[in-house]
file my_file07.cif (mmCIF, C-alpha atoms and all ligand atoms)
data_query
loop_
_atom_site.label_atom_id
_atom_site.label_comp_id
_atom_site.auth_asym_id
_atom_site.auth_seq_id
_atom_site.Cartn_x
_atom_site.Cartn_y
_atom_site.Cartn_z
CA MET A 1 0.00 0.00 0.00
CA LEU A 2 1.47 3.36 -0.98
CA GLY A 3 0.57 6.90 -0.05
CA VAL A 4 0.71 6.98 3.73
CA HIS A 5 3.86 8.34 5.29
CA GLY A 6 5.24 5.35 7.14
CA GLU A 7 4.48 1.68 7.63
CA LEU A 8 0.93 0.34 7.43
CA THR A 9 0.06 -2.99 9.06
CA VAL A 10 -3.34 -4.66 9.03
CA VAL A 11 -3.92 -6.43 12.34
CA ASP A 12 -6.53 -8.76 13.85
CA ASP A 13 -6.05 -7.43 17.35
CA LEU A 14 -5.65 -3.64 17.22
CA PRO A 15 -5.38 -2.96 20.99
CA GLY A 16 -2.84 -5.79 21.31
CA ALA A 17 -0.75 -4.43 18.41
CA PHE A 18 -0.90 -0.94 19.91
CA ALA A 19 0.24 -2.20 23.33
CA ARG A 20 3.14 -4.13 21.77
CA THR A 21 4.25 -1.11 19.73
CA VAL A 22 4.32 1.19 22.76
CA ILE A 23 6.10 -1.43 24.87
CA GLU A 24 8.74 -1.86 22.15
CA ALA A 25 9.22 1.91 22.01
CA TRP A 26 9.61 1.94 25.80
CA GLN A 27 12.21 -0.84 25.60
CA ALA A 28 14.13 1.12 22.94
CA ARG A 29 13.94 4.45 24.83
CA THR A 30 17.01 6.63 24.78
CA GLY A 31 16.35 8.92 27.74
CA GLU A 32 15.70 8.50 31.46
CA LEU A 33 12.11 9.67 30.99
CA PHE A 34 9.72 8.41 28.32
CA HIS A 35 7.47 11.11 26.82
CA PHE A 36 4.13 9.71 25.64
CA ALA A 37 1.24 11.70 24.14
CA LEU A 38 -2.29 10.27 24.27
CA CYS A 39 -5.29 10.95 22.04
CA GLY A 40 -9.05 10.75 22.41
CA GLY A 41 -11.82 9.19 20.37
CA SER A 42 -13.47 5.80 20.41
CA THR A 43 -10.48 3.74 19.27
CA ALA A 44 -8.17 4.92 22.03
CA GLY A 45 -9.97 3.52 25.10
CA PRO A 46 -9.51 -0.21 24.34
CA CYS A 47 -5.90 0.50 23.29
CA TYR A 48 -5.12 2.15 26.64
CA GLU A 49 -6.88 -0.54 28.66
CA ARG A 50 -4.80 -3.17 26.87
CA LEU A 51 -1.58 -1.21 27.29
CA ALA A 52 -2.30 -0.88 31.00
CA ALA A 53 -2.76 -4.64 31.28
CA GLU A 54 0.19 -5.69 29.11
CA SER A 55 2.67 -3.18 30.49
CA GLU A 56 2.43 -4.48 34.04
CA ASN A 57 5.97 -5.44 35.17
CA VAL A 58 7.36 -4.08 31.87
CA ILE A 59 6.90 -0.32 31.78
CA ASP A 60 7.94 1.66 34.81
CA TRP A 61 5.16 4.23 34.65
CA LEU A 62 6.97 6.39 37.18
CA SER A 63 9.49 7.06 34.40
CA VAL A 64 6.79 8.18 31.96
CA ASP A 65 5.63 11.73 31.32
CA VAL A 66 2.15 11.81 29.80
CA TYR A 67 0.89 14.46 27.36
CA TRP A 68 -2.09 14.83 25.06
CA GLY A 69 -2.06 15.44 21.31
CA ASP A 70 -5.36 17.28 21.43
CA GLU A 71 -8.15 18.23 23.79
CA ARG A 72 -11.73 19.38 23.69
CA CYS A 73 -12.45 22.64 25.58
CA VAL A 74 -14.41 21.09 28.44
CA PRO A 75 -13.44 20.50 32.08
CA GLY A 76 -10.89 17.70 32.55
CA ASP A 77 -13.41 15.46 34.30
CA ASP A 78 -16.03 15.85 31.55
CA PRO A 79 -16.72 12.53 29.76
CA ASP A 80 -16.00 14.36 26.45
CA SER A 81 -12.49 15.28 27.54
CA ASN A 82 -9.52 13.35 26.20
CA GLN A 83 -7.86 13.79 29.58
CA HIS A 84 -10.76 11.97 31.23
CA LEU A 85 -10.38 9.07 28.80
CA GLY A 86 -6.62 8.79 29.32
CA ARG A 87 -6.94 8.90 33.10
CA GLN A 88 -9.75 6.36 33.26
CA ALA A 89 -8.48 3.89 30.61
CA LEU A 90 -4.75 4.11 31.36
CA LEU A 91 -3.47 6.20 34.26
CA GLU A 92 -5.85 4.94 36.92
CA ARG A 93 -5.06 1.37 35.88
CA VAL A 94 -1.27 1.72 35.98
CA GLY A 95 -1.32 3.80 39.15
CA GLY A 96 -0.06 7.11 37.75
CA ALA A 97 2.98 8.43 35.93
CA ASN A 98 6.05 10.55 36.65
CA ALA A 99 4.17 13.65 35.45
CA VAL A 100 0.89 14.28 33.66
CA TYR A 101 0.48 17.30 31.38
CA PRO A 102 -3.18 17.76 30.40
CA MET A 103 -3.94 20.32 27.69
CA SER A 104 -6.02 23.13 29.10
CA CYS A 105 -7.98 25.50 26.91
CA ASP A 106 -8.12 27.89 29.88
CA GLU A 107 -4.31 28.07 30.01
CA GLY A 108 -4.10 28.26 26.22
CA PRO A 109 -1.58 26.94 23.68
CA ASP A 110 1.48 28.94 24.79
CA ALA A 111 1.97 27.21 28.15
CA TYR A 112 1.75 23.78 26.52
CA ALA A 113 4.06 24.81 23.69
CA LEU A 114 6.60 26.01 26.24
CA ARG A 115 6.55 22.62 27.99
CA LEU A 116 6.91 20.78 24.68
CA GLY A 117 9.78 23.06 23.71
CA GLU A 118 11.59 22.03 26.90
CA VAL A 119 11.11 18.34 26.15
CA GLY A 120 12.30 18.50 22.54
CA LYS A 121 11.19 15.17 21.08
CA LEU A 122 8.25 13.17 22.35
CA ASP A 123 8.98 9.43 22.24
CA VAL A 124 5.51 8.35 21.13
CA ILE A 125 2.47 10.28 19.91
CA HIS A 126 -0.69 8.21 19.58
CA LEU A 127 -3.13 9.46 16.93
CA GLY A 128 -6.52 8.37 15.63
CA MET A 129 -8.19 9.26 12.35
CA GLY A 130 -11.79 10.41 12.05
CA PRO A 131 -14.01 9.39 9.11
CA ASP A 132 -13.41 12.91 7.72
CA GLY A 133 -9.63 12.37 7.75
CA HIS A 134 -8.96 14.56 10.79
CA THR A 135 -6.27 13.58 13.24
CA ALA A 136 -5.59 15.07 16.67
CA SER A 137 -7.90 18.13 16.29
CA LEU A 138 -6.55 19.01 12.83
CA PHE A 139 -9.75 19.12 10.80
CA PRO A 140 -10.01 19.40 7.01
CA GLY A 141 -10.12 23.07 6.00
CA SER A 142 -9.37 24.32 9.53
CA GLU A 143 -7.04 27.17 10.46
CA ALA A 144 -4.57 25.08 12.47
CA LEU A 145 -3.55 23.21 9.30
CA ASP A 146 -1.73 26.37 8.23
CA ALA A 147 -0.07 27.12 11.56
CA ASP A 148 3.35 28.67 11.31
CA PRO A 149 6.03 25.92 11.43
CA GLY A 150 7.34 27.42 14.68
CA GLN A 151 3.95 27.05 16.37
CA LEU A 152 3.63 23.77 18.29
CA VAL A 153 0.12 24.08 19.72
CA ALA A 154 -2.98 25.83 18.37
CA ARG A 155 -6.59 26.45 19.16
CA ASN A 156 -8.86 25.04 16.48
CA VAL A 157 -12.47 24.39 15.47
CA ASP A 158 -13.97 22.10 12.86
CA PRO A 159 -15.28 24.42 10.11
CA SER A 160 -17.75 21.73 8.99
CA GLY A 161 -19.36 21.68 12.45
CA ARG A 162 -19.32 17.87 12.48
CA ASN A 163 -16.87 17.63 15.36
CA LYS A 164 -18.34 19.65 18.19
CA LEU A 165 -16.55 21.76 20.78
CA PRO A 166 -13.59 24.09 20.32
CA ARG A 167 -10.25 22.34 20.64
CA MET A 168 -6.57 22.62 21.34
CA THR A 169 -4.22 20.54 19.23
CA LEU A 170 -0.62 19.82 18.42
CA THR A 171 0.26 21.21 15.00
CA PHE A 172 1.86 19.19 12.21
CA SER A 173 5.25 20.62 13.13
CA ALA A 174 4.88 19.52 16.77
CA ILE A 175 3.87 16.03 15.67
CA ALA A 176 6.80 15.92 13.23
CA ARG A 177 9.22 16.19 16.17
CA ALA A 178 8.10 12.82 17.56
CA ARG A 179 10.36 9.78 17.48
CA LEU A 180 7.34 7.59 16.75
CA VAL A 181 3.74 8.30 15.76
CA VAL A 182 1.33 5.39 16.13
CA PHE A 183 -1.99 5.68 14.31
CA THR A 184 -4.76 3.30 15.30
CA VAL A 185 -7.59 3.08 12.78
CA ALA A 186 -10.62 0.85 13.36
CA GLY A 187 -13.97 0.18 11.76
CA ALA A 188 -15.60 0.15 8.33
CA ALA A 189 -16.52 3.84 8.64
CA LYS A 190 -12.82 4.66 8.16
CA ARG A 191 -12.17 2.39 5.18
CA ASP A 192 -12.90 4.88 2.37
CA THR A 193 -11.01 7.62 4.18
CA LEU A 194 -7.98 5.41 4.63
CA ARG A 195 -8.18 4.47 0.94
CA ALA A 196 -8.22 8.19 0.09
CA VAL A 197 -5.19 8.85 2.33
CA ILE A 198 -3.32 5.96 0.70
CA ASP A 199 -4.24 7.34 -2.72
CA GLY A 200 -2.73 10.68 -1.78
CA ALA A 201 -5.83 12.77 -0.97
CA ASP A 202 -4.96 15.97 0.87
CA LEU A 203 -6.45 15.01 4.23
CA PRO A 204 -4.92 15.98 7.59
CA ALA A 205 -4.06 12.42 8.61
CA GLY A 206 -2.11 11.99 5.38
CA ARG A 207 0.06 15.00 6.15
CA VAL A 208 1.49 13.60 9.39
CA THR A 209 5.23 13.02 9.47
CA ALA A 210 7.64 12.04 12.26
CA ASP A 211 10.94 10.13 12.60
CA ARG A 212 8.81 6.99 12.23
CA VAL A 213 5.08 6.67 11.53
CA VAL A 214 3.28 3.36 12.09
CA TRP A 215 -0.32 2.82 10.99
CA LEU A 216 -2.09 -0.02 12.79
CA VAL A 217 -5.33 -0.78 10.97
CA ASP A 218 -7.96 -3.36 11.81
CA ARG A 219 -9.51 -5.60 9.13
CA ASP A 220 -12.74 -3.58 8.94
CA ALA A 221 -10.86 -0.35 8.18
CA ALA A 222 -8.39 -1.93 5.76
CA PRO A 223 -9.07 -1.06 2.12
CA ALA A 224 -9.22 -4.05 -0.24
O1 LIG A 301 -12.01 14.01 18.05
C1 LIG A 301 -11.13 13.20 18.07
O2 LIG A 301 -11.11 12.22 17.14
C2 LIG A 301 -9.88 11.64 16.71
C3 LIG A 301 -10.23 10.35 15.98
O3 LIG A 301 -10.81 9.45 16.91
P1 LIG A 301 -11.18 7.96 16.45
O4 LIG A 301 -11.72 7.25 17.63
O5 LIG A 301 -12.20 8.11 15.38
O6 LIG A 301 -9.91 7.35 15.98
C4 LIG A 301 -8.95 11.44 17.88
O7 LIG A 301 -7.70 10.96 17.43
C5 LIG A 301 -8.79 12.76 18.63
O8 LIG A 301 -7.87 12.63 19.69
C6 LIG A 301 -10.13 13.16 19.16
O9 LIG A 301 -10.08 14.37 19.89
#
call {"tool": "encode", "arguments": {"input": "my_file07.cif", "output": "structure tokens"}}
result
Amino acid sequence: MLGVHGELTVVDDLPGAFARTVIEAWQARTGELFHFALCGGSTAGPCYERLAAESENVIDWLSVDVYWGDERCVPGDDPDSNQHLGRQALLERVGGANAVYPMSCDEGPDAYALRLGEVGKLDVIHLGMGPDGHTASLFPGSEALDADPGQLVARNVDPSGRNKLPRMTLTFSAIARARLVVFTVAGAAKRDTLRAVIDGADLPAGRVTADRVVWLVDRDAAPA
């Protein structure tokens, strides 16, 4: 399959493949701390629950700093918040992390960008892909797609109105600084979009680059 930046693998067990990929990245880490950015959406929950289970006795979560790739502008304990998902599906199960850096729309993009600037490269950024081809909160036709290359975090909204709530998101240039980006794509509703990305359509998910980009795709989402 051509057209995506990176390696695309079709898997039977998406959460299991995700957990293995993160564990391998942890085992290959180069620094004392491992910097890991989470996402939101429906695919992420089972992936985090599986990672929590499989990383027991493997990942030292007290050596992991946790970030988010995007966030909806709601309180952190709101069921719509990506922070809420990450805490409930992963952090509460593994007992915490060295440090947790939620994105906060109240604090705005600059504080988060400052923190990311101090870190340099994130080890792993987990991303999903919506049926419209958005990833993180980078929506087709939205302003954040054209963020200045020096801007790491942006506020954004979906101009189509399909994805509700204002957002904060990493920009393409922030994502490009990652050692590894792991996409997880599940379900038949994503199949045509993934085909379009593979065929080179100008959709946000297709514009993602990093040192290494891995696409883990379940059988329902895999184009024929
Ligand atoms: O709105 C969002 O959606 C994307 C895609 O989620 P998925 O479950 O359809 O893969 C997600 O990556 C992002 O973090 C979230 O805020």
call {"tool": "residues_around", "arguments": {"input": "my_file07.cif", "residues": "Met103 (chain A)", "least_positions_apart": "6", "cutoff": "12 Å", "atoms": "all atoms listed in the file", "output": "PyMOL selection string"}}
result
chain A and resi 37-39+66-76+81-84+86+109-113+115-116+153-155+167-170
call {"tool": "residues_around", "arguments": {"input": "my_file07.cif", "residues": "Ala44 (chain A)", "least_positions_apart": "3", "cutoff": "9 Å", "atoms": "all atoms listed in the file", "output": "list in words"}}
result
Pro15, Leu38, Cys39, Gly40, Gly41, Cys47, Tyr48, Glu49, Leu85, Gly86, Ala89, His126, Leu127, Gly128 and Thr184 of chain A
call {"tool": "write_last_selection", "arguments": {"input": "my_file07.cif", "atoms": "C-alpha atoms", "output": "PDB file, in the coordinates of the input"}}
result
ATOM      1  CA  PRO A  15      -5.380  -2.960  20.990  1.00  0.00           C
ATOM      2  CA  LEU A  38      -2.290  10.270  24.270  1.00  0.00           C
ATOM      3  CA  CYS A  39      -5.290  10.950  22.040  1.00  0.00           C
ATOM      4  CA  GLY A  40      -9.050  10.750  22.410  1.00  0.00           C
ATOM      5  CA  GLY A  41     -11.820   9.190  20.370  1.00  0.00           C
ATOM      6  CA  CYS A  47      -5.900   0.500  23.290  1.00  0.00           C
ATOM      7  CA  TYR A  48      -5.120   2.150  26.640  1.00  0.00           C
ATOM      8  CA  GLU A  49      -6.880  -0.540  28.660  1.00  0.00           C
ATOM      9  CA  LEU A  85     -10.380   9.070  28.800  1.00  0.00           C
ATOM     10  CA  GLY A  86      -6.620   8.790  29.320  1.00  0.00           C
ATOM     11  CA  ALA A  89      -8.480   3.890  30.610  1.00  0.00           C
ATOM     12  CA  HIS A 126      -0.690   8.210  19.580  1.00  0.00           C
ATOM     13  CA  LEU A 127      -3.130   9.460  16.930  1.00  0.00           C
ATOM     14  CA  GLY A 128      -6.520   8.370  15.630  1.00  0.00           C
ATOM     15  CA  THR A 184      -4.760   3.300  15.300  1.00  0.00           C
TER      16      THR A 184
END
call {"tool": "atom_distance", "arguments": {"input": "my_file07.cif", "atom1": "CA of Arg29 (chain A)", "atom2": "CA of Ser104 (chain A)"}}
result
27.7 Å
call {"tool": "residues_around", "arguments": {"input": "my_file07.cif", "residues": "region 188-203 of chain A", "least_positions_apart": "6", "cutoff": "12 Å", "atoms": "all atoms listed in the file", "output": "ChimeraX atom specification"}}
result
/A:1-8,10,43,128-135,138-142,145,215-224
call {"tool": "axis_aligned_box", "arguments": {"input": "my_file07.cif", "around": "region 118-132 of chain A", "padding_each_side": "4 Å", "output": "AutoDock Vina command-line options"}}
result
--center_x -0.9 --center_y 15.1 --center_z 17.3 --size_x 34.3 --size_y 21.8 --size_z 27.2
call {"tool": "closest_residue", "arguments": {"input": "my_file07.cif", "among": "A:Gly187, A:Gly206, A:Gly95, A:Gly161", "to": "ligand LIG 301 (chain A)", "atoms": "all atoms listed in the file"}}
result
A:Gly187
call {"tool": "atom_distance", "arguments": {"input": "my_file07.cif", "atom1": "CA of Val64 (chain A)", "atom2": "CA of Phe18 (chain A)"}}
result
17.0 Å
call {"tool": "residues_around", "arguments": {"input": "my_file07.cif", "residues": "Asp211 (chain A)", "least_positions_apart": "2", "cutoff": "10 Å", "atoms": "all atoms listed in the file", "output": "VMD selection string"}}
result
chain A and resid 6 121 123 175 to 181 209 213
call {"tool": "closest_residue", "arguments": {"input": "my_file07.cif", "among": "A:Thr9, A:Asn163, A:Ser55, A:Gln88", "to": "ligand LIG 301 (chain A)", "atoms": "all atoms listed in the file"}}
result
A:Asn163
call {"tool": "atom_distance", "arguments": {"input": "my_file07.cif", "atom1": "CA of Phe183 (chain A)", "atom2": "CA of His35 (chain A)"}}
result
16.6 Å
call {"tool": "decode", "arguments": {"input": "my_file07.cif", "residues": "region 148-218 of chain A", "atoms": "C-alpha atoms", "output": "tab-separated table (two decimals), in the first residue's frame"}}
result
chain	number	residue	atom	x	y	z
A	148	ASP	CA	3.35	28.67	11.31
A	149	PRO	CA	6.03	25.92	11.43
A	150	GLY	CA	7.34	27.42	14.68
A	151	GLN	CA	3.95	27.05	16.37
A	152	LEU	CA	3.63	23.77	18.29
A	153	VAL	CA	0.12	24.08	19.72
A	154	ALA	CA	-2.98	25.83	18.37
A	155	ARG	CA	-6.59	26.45	19.16
A	156	ASN	CA	-8.86	25.04	16.48
A	157	VAL	CA	-12.47	24.39	15.47
A	158	ASP	CA	-13.97	22.10	12.86
A	159	PRO	CA	-15.28	24.42	10.11
A	160	SER	CA	-17.75	21.73	8.99
A	161	GLY	CA	-19.36	21.68	12.45
A	162	ARG	CA	-19.32	17.87	12.48
A	163	ASN	CA	-16.87	17.63	15.36
A	164	LYS	CA	-18.34	19.65	18.19
A	165	LEU	CA	-16.55	21.76	20.78
A	166	PRO	CA	-13.59	24.09	20.32
A	167	ARG	CA	-10.25	22.34	20.64
A	168	MET	CA	-6.57	22.62	21.34
A	169	THR	CA	-4.22	20.54	19.23
A	170	LEU	CA	-0.62	19.82	18.42
A	171	THR	CA	0.26	21.21	15.00
A	172	PHE	CA	1.86	19.19	12.21
A	173	SER	CA	5.25	20.62	13.13
A	174	ALA	CA	4.88	19.52	16.77
A	175	ILE	CA	3.87	16.03	15.67
A	176	ALA	CA	6.80	15.92	13.23
A	177	ARG	CA	9.22	16.19	16.17
A	178	ALA	CA	8.10	12.82	17.56
A	179	ARG	CA	10.36	9.78	17.48
A	180	LEU	CA	7.34	7.59	16.75
A	181	VAL	CA	3.74	8.30	15.76
A	182	VAL	CA	1.33	5.39	16.13
A	183	PHE	CA	-1.99	5.68	14.31
A	184	THR	CA	-4.76	3.30	15.30
A	185	VAL	CA	-7.59	3.08	12.78
A	186	ALA	CA	-10.62	0.85	13.36
A	187	GLY	CA	-13.97	0.18	11.76
A	188	ALA	CA	-15.60	0.15	8.33
A	189	ALA	CA	-16.52	3.84	8.64
A	190	LYS	CA	-12.82	4.66	8.16
A	191	ARG	CA	-12.17	2.39	5.18
A	192	ASP	CA	-12.90	4.88	2.37
A	193	THR	CA	-11.01	7.62	4.18
A	194	LEU	CA	-7.98	5.41	4.63
A	195	ARG	CA	-8.18	4.47	0.94
A	196	ALA	CA	-8.22	8.19	0.09
A	197	VAL	CA	-5.19	8.85	2.33
A	198	ILE	CA	-3.32	5.96	0.70
A	199	ASP	CA	-4.24	7.34	-2.72
A	200	GLY	CA	-2.73	10.68	-1.78
A	201	ALA	CA	-5.83	12.77	-0.97
A	202	ASP	CA	-4.96	15.97	0.87
A	203	LEU	CA	-6.45	15.01	4.23
A	204	PRO	CA	-4.92	15.98	7.59
A	205	ALA	CA	-4.06	12.42	8.61
A	206	GLY	CA	-2.11	11.99	5.38
A	207	ARG	CA	0.06	15.00	6.15
A	208	VAL	CA	1.49	13.60	9.39
A	209	THR	CA	5.23	13.02	9.47
A	210	ALA	CA	7.64	12.04	12.26
A	211	ASP	CA	10.94	10.13	12.60
A	212	ARG	CA	8.81	6.99	12.23
A	213	VAL	CA	5.08	6.67	11.53
A	214	VAL	CA	3.28	3.36	12.09
A	215	TRP	CA	-0.32	2.82	10.99
A	216	LEU	CA	-2.09	-0.02	12.79
A	217	VAL	CA	-5.33	-0.78	10.97
A	218	ASP	CA	-7.96	-3.36	11.81
